[in-house]
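J.: So that you have it, the file is input.cif, and it contains mmCIF, C-alpha atoms:
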data_protein
#
loop_
_atom_site.label_atom_id
_atom_site.label_comp_id
_atom_site.auth_asym_id
_atom_site.auth_seq_id
_atom_site.Cartn_x
_atom_site.Cartn_y
_atom_site.Cartn_z
CA MET A 423 11.91 42.54 -17.20
CA ARG A 424 9.90 45.31 -15.55
CA VAL A 425 7.02 42.93 -15.05
CA LEU A 426 9.32 40.45 -13.31
CA ALA A 427 10.75 43.19 -11.06
CA ALA A 428 7.24 44.38 -10.20
CA LEU A 429 6.19 40.80 -9.38
CA VAL A 430 9.22 40.27 -7.10
CA LEU A 431 8.57 43.61 -5.37
CA ALA A 432 4.92 42.66 -4.81
CA LEU A 433 5.94 39.32 -3.30
CA VAL A 434 8.50 40.96 -1.00
CA LEU A 435 5.97 43.50 0.23
CA ALA A 436 3.31 40.83 0.74
CA ALA A 437 5.64 38.53 2.71
CA PRO A 438 5.46 40.42 6.07
CA ALA A 439 1.67 40.42 5.93
CA ALA A 440 1.64 36.68 5.27
CA ALA A 441 4.21 36.04 8.01
CA THR A 442 1.99 37.64 10.67
CA PRO A 443 -0.70 35.09 11.49
CA ARG A 444 -4.21 36.39 12.02
CA ALA A 445 -5.28 36.54 15.65
CA SER A 446 -7.90 34.06 16.80
CA LEU A 447 -10.14 33.98 19.85
CA PRO A 448 -8.90 30.59 21.16
CA ASP A 449 -5.28 31.71 20.84
CA ILE A 450 -5.89 34.88 22.84
CA GLU A 451 -8.26 33.23 25.36
CA ASP A 452 -5.41 31.02 26.56
CA GLU A 453 -3.27 34.02 27.46
CA VAL A 454 -5.78 36.28 29.22
CA MET A 455 -7.79 36.01 32.41
CA CYS A 456 -11.34 36.79 33.38
CA VAL A 457 -10.94 39.87 35.56
CA GLU A 458 -14.03 38.96 37.58
CA CYS A 459 -13.21 35.43 38.69
CA GLY A 460 -9.42 35.29 38.06
CA THR A 461 -9.54 32.13 35.95
CA PRO A 462 -8.28 31.76 32.37
CA LEU A 463 -10.74 33.26 29.93
CA ALA A 464 -10.86 29.96 28.03
CA VAL A 465 -12.59 28.24 30.99
CA SER A 466 -14.56 31.12 32.49
CA ASP A 467 -18.24 31.55 31.75
CA SER A 468 -19.00 34.68 33.79
CA PRO A 469 -20.76 37.70 32.28
CA VAL A 470 -17.50 39.66 32.36
CA ALA A 471 -15.76 36.81 30.50
CA GLN A 472 -18.46 37.05 27.83
CA GLN A 473 -17.81 40.81 27.58
CA GLU A 474 -14.08 40.18 27.21
CA ARG A 475 -14.69 37.63 24.44
CA ALA A 476 -16.96 40.08 22.61
CA PHE A 477 -14.26 42.75 22.94
CA ILE A 478 -11.66 40.36 21.50
CA ARG A 479 -13.95 39.42 18.61
CA ARG A 480 -14.45 43.13 17.76
CA GLU A 481 -10.69 43.70 17.81
CA ILE A 482 -10.10 40.67 15.57
CA ALA A 483 -12.78 41.95 13.17
CA ALA A 484 -10.97 45.31 13.12
CA GLY A 485 -7.89 43.47 11.81
CA LYS A 486 -5.65 43.85 14.87
CA ASP A 487 -2.95 41.34 15.66
CA LYS A 488 -2.50 39.46 18.94
CA ARG A 489 -0.10 41.99 20.47
CA GLN A 490 -2.41 44.90 19.69
CA ILE A 491 -5.45 43.07 21.06
CA LYS A 492 -3.66 42.23 24.31
CA ALA A 493 -2.58 45.87 24.65
CA ALA A 494 -6.19 46.97 24.11
CA LEU A 495 -7.37 44.46 26.73
CA VAL A 496 -4.90 45.88 29.24
CA GLN A 497 -6.08 49.40 28.45
CA GLN A 498 -9.72 48.35 28.84
CA TYR A 499 -9.49 45.98 31.85
CA GLY A 500 -6.09 46.62 33.48
CA GLU A 501 -2.94 44.49 33.98
CA GLY A 502 -4.94 41.78 35.76
CA VAL A 503 -6.35 40.63 32.42
CA LEU A 504 -2.99 39.17 31.37
CA SER A 505 -2.21 35.64 32.54
CA ASP A 506 1.43 36.66 33.02
CA PRO A 507 1.36 40.35 33.98
CA LYS A 508 4.49 42.44 34.13
CA ARG A 509 5.97 42.47 37.58
CA HIS A 510 6.55 45.74 39.29
CA GLY A 511 8.63 46.58 42.33
CA PHE A 512 10.07 43.70 44.30
CA GLY A 513 8.43 41.11 42.02
CA ASN A 514 11.24 41.54 39.49
CA ALA A 515 13.81 40.58 42.10
CA LEU A 516 12.48 37.22 43.32
CA TRP A 517 15.89 35.73 42.63
CA ILE A 518 17.12 37.62 45.73
CA VAL A 519 15.45 35.15 48.12
CA PRO A 520 17.42 32.04 47.07
CA GLY A 521 20.60 34.10 46.83
CA LEU A 522 20.04 35.44 50.33
CA LEU A 523 19.44 31.91 51.63
CA VAL A 524 22.71 30.71 50.11
CA VAL A 525 24.63 33.62 51.67
CA LEU A 526 23.03 33.06 55.08
CA GLY A 527 23.75 29.31 54.88
CA ALA A 528 27.41 29.94 54.01
CA ALA A 529 27.70 32.42 56.88
CA GLY A 530 26.20 29.84 59.27
CA VAL A 531 28.64 27.16 58.13
CA ALA A 532 31.59 29.57 58.48
CA PHE A 533 30.46 30.54 61.99
CA ALA A 534 30.07 26.89 63.02
CA LEU A 535 33.52 25.99 61.62
CA ARG A 536 35.12 28.89 63.45
CA ARG A 537 33.54 27.81 66.75
CA TRP A 538 34.47 24.18 66.15
CA ARG A 539 38.08 25.02 65.33
CA GLY A 540 38.38 27.49 68.18
CA ARG A 541 37.75 24.90 70.83
CA THR A 542 40.88 23.76 72.59
CA PRO A 543 41.24 20.03 73.00
CA ALA A 544 40.59 18.63 76.45
CA PRO A 545 43.78 18.32 78.44
CA GLU A 546 45.13 14.81 78.52
CA ALA A 547 44.94 13.04 81.83
CA ALA A 548 48.09 13.39 83.83
CA VAL A 549 50.17 10.24 83.89
CA PRO A 550 50.69 9.10 87.46
CA PRO A 551 54.26 8.67 88.60
CA PRO A 552 55.70 5.16 88.26
CA LEU A 553 55.20 2.77 91.17
CA SER A 554 57.98 2.22 93.58
CA PRO A 555 59.29 -1.36 93.69
CA GLU A 556 57.66 -1.91 97.07
CA ASP A 557 54.25 -0.65 95.84
CA ALA A 558 54.52 -2.80 92.70
CA ARG A 559 55.20 -5.87 94.88
CA ARG A 560 52.19 -5.14 97.15
CA LEU A 561 49.92 -4.61 94.13
CA GLU A 562 51.06 -7.88 92.62
CA ALA A 563 50.37 -9.64 95.92
CA ASP A 564 46.87 -8.13 96.15
CA LEU A 565 46.02 -9.11 92.59
CA THR A 566 47.08 -12.75 93.01
CA ARG A 567 45.00 -13.42 96.05
#
Mind turning the file's structure into structure tokens?
T.:
Amino acid sequence: MRVLAALVLALVLAAPAAATPRASLPDIEDEVMCVECGTPLAVSDSPVAQQERAFIRREIAAGKDKRQIKAALVQQYGEGVLSDPKRHGFGNALWIVPGLLVVLGAAGVAFALRRWRGRTPAPEAAVPPPLSPEDARRLEADLTR
């Protein structure tokens, strides 16, 4: 029974290590940039890209996982090494621009509606007084000629 319990305990403790996949150079290359030329490390062939690859290989050989290697790359080369760096300052609030455009558009429509509704209709043409019987007779005579 103790042997079975020890075996189960060993399997449980080994499971997290097996669940964490080992880091590989191609996997990390796709997510980092060459800091010299600004292209993905997977396609760059500059001397700095070669240095970055050598750095990654050393970190993999040291047994570090992907997250730790990326953190070490940032410490060594700066935030620009990440293909999707953390945004600082106004970069986190890029959703403000579309929201601002919607608000400005709604304000423009409201302003236009207010101006359109505020216009008074053109006064109707005044109806001339009815013709006297004598004028109606003269008009009829002129039209039949």
J.: To one decimal in Å, tell me the separation between CA of Ala493 (chain A) and CA of Ser468 (chain A).
T.: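 Going from CA of Ala493 (chain A) over to CA of Ser468 (chain A), I get 21.9 Å.
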J.: Hey, which of A:Gly540, A:Lys488, A:Ala558, A:Met455 ends up closest to Asp467 (chain A)? Count all atoms listed in the file.
T.: A:Met455
J.: Mind telling me what the PyMOL selection byres ((chain A and resi 476-479) around 12) catches here, as a short mmCIF file (atom, residue, chain, number, x, y, z; two decimals) with C-alpha atoms, in the coordinates of the input?
T.:
data_model
loop_
_atom_site.label_atom_id
_atom_site.label_comp_id
_atom_site.auth_asym_id
_atom_site.auth_seq_id
_atom_site.Cartn_x
_atom_site.Cartn_y
_atom_site.Cartn_z
CA ALA A 445 -5.28 36.54 15.65
CA SER A 446 -7.90 34.06 16.80
CA LEU A 447 -10.14 33.98 19.85
CA PRO A 448 -8.90 30.59 21.16
CA ASP A 449 -5.28 31.71 20.84
CA ILE A 450 -5.89 34.88 22.84
CA GLU A 451 -8.26 33.23 25.36
CA VAL A 454 -5.78 36.28 29.22
CA LEU A 463 -10.74 33.26 29.93
CA PRO A 469 -20.76 37.70 32.28
CA VAL A 470 -17.50 39.66 32.36
CA ALA A 471 -15.76 36.81 30.50
CA GLN A 472 -18.46 37.05 27.83
CA GLN A 473 -17.81 40.81 27.58
CA GLU A 474 -14.08 40.18 27.21
CA ARG A 475 -14.69 37.63 24.44
CA ARG A 480 -14.45 43.13 17.76
CA GLU A 481 -10.69 43.70 17.81
CA ILE A 482 -10.10 40.67 15.57
CA ALA A 483 -12.78 41.95 13.17
CA ALA A 484 -10.97 45.31 13.12
CA GLY A 485 -7.89 43.47 11.81
CA LYS A 486 -5.65 43.85 14.87
CA ASP A 487 -2.95 41.34 15.66
CA LYS A 488 -2.50 39.46 18.94
CA ARG A 489 -0.10 41.99 20.47
CA GLN A 490 -2.41 44.90 19.69
CA ILE A 491 -5.45 43.07 21.06
CA LYS A 492 -3.66 42.23 24.31
CA ALA A 493 -2.58 45.87 24.65
CA ALA A 494 -6.19 46.97 24.11
CA LEU A 495 -7.37 44.46 26.73
CA VAL A 496 -4.90 45.88 29.24
CA GLN A 497 -6.08 49.40 28.45
CA GLN A 498 -9.72 48.35 28.84
CA TYR A 499 -9.49 45.98 31.85
#
J.: So how many Å separate CA of Glu453 (chain A) and CA of Ile518 (chain A), to one decimal?
T.: 27.6 Å
J.: Take CA of Gly502 (chain A) and CA of Cys456 (chain A) and report the distance between them in Å, one decimal.
T.: 8.5 Å
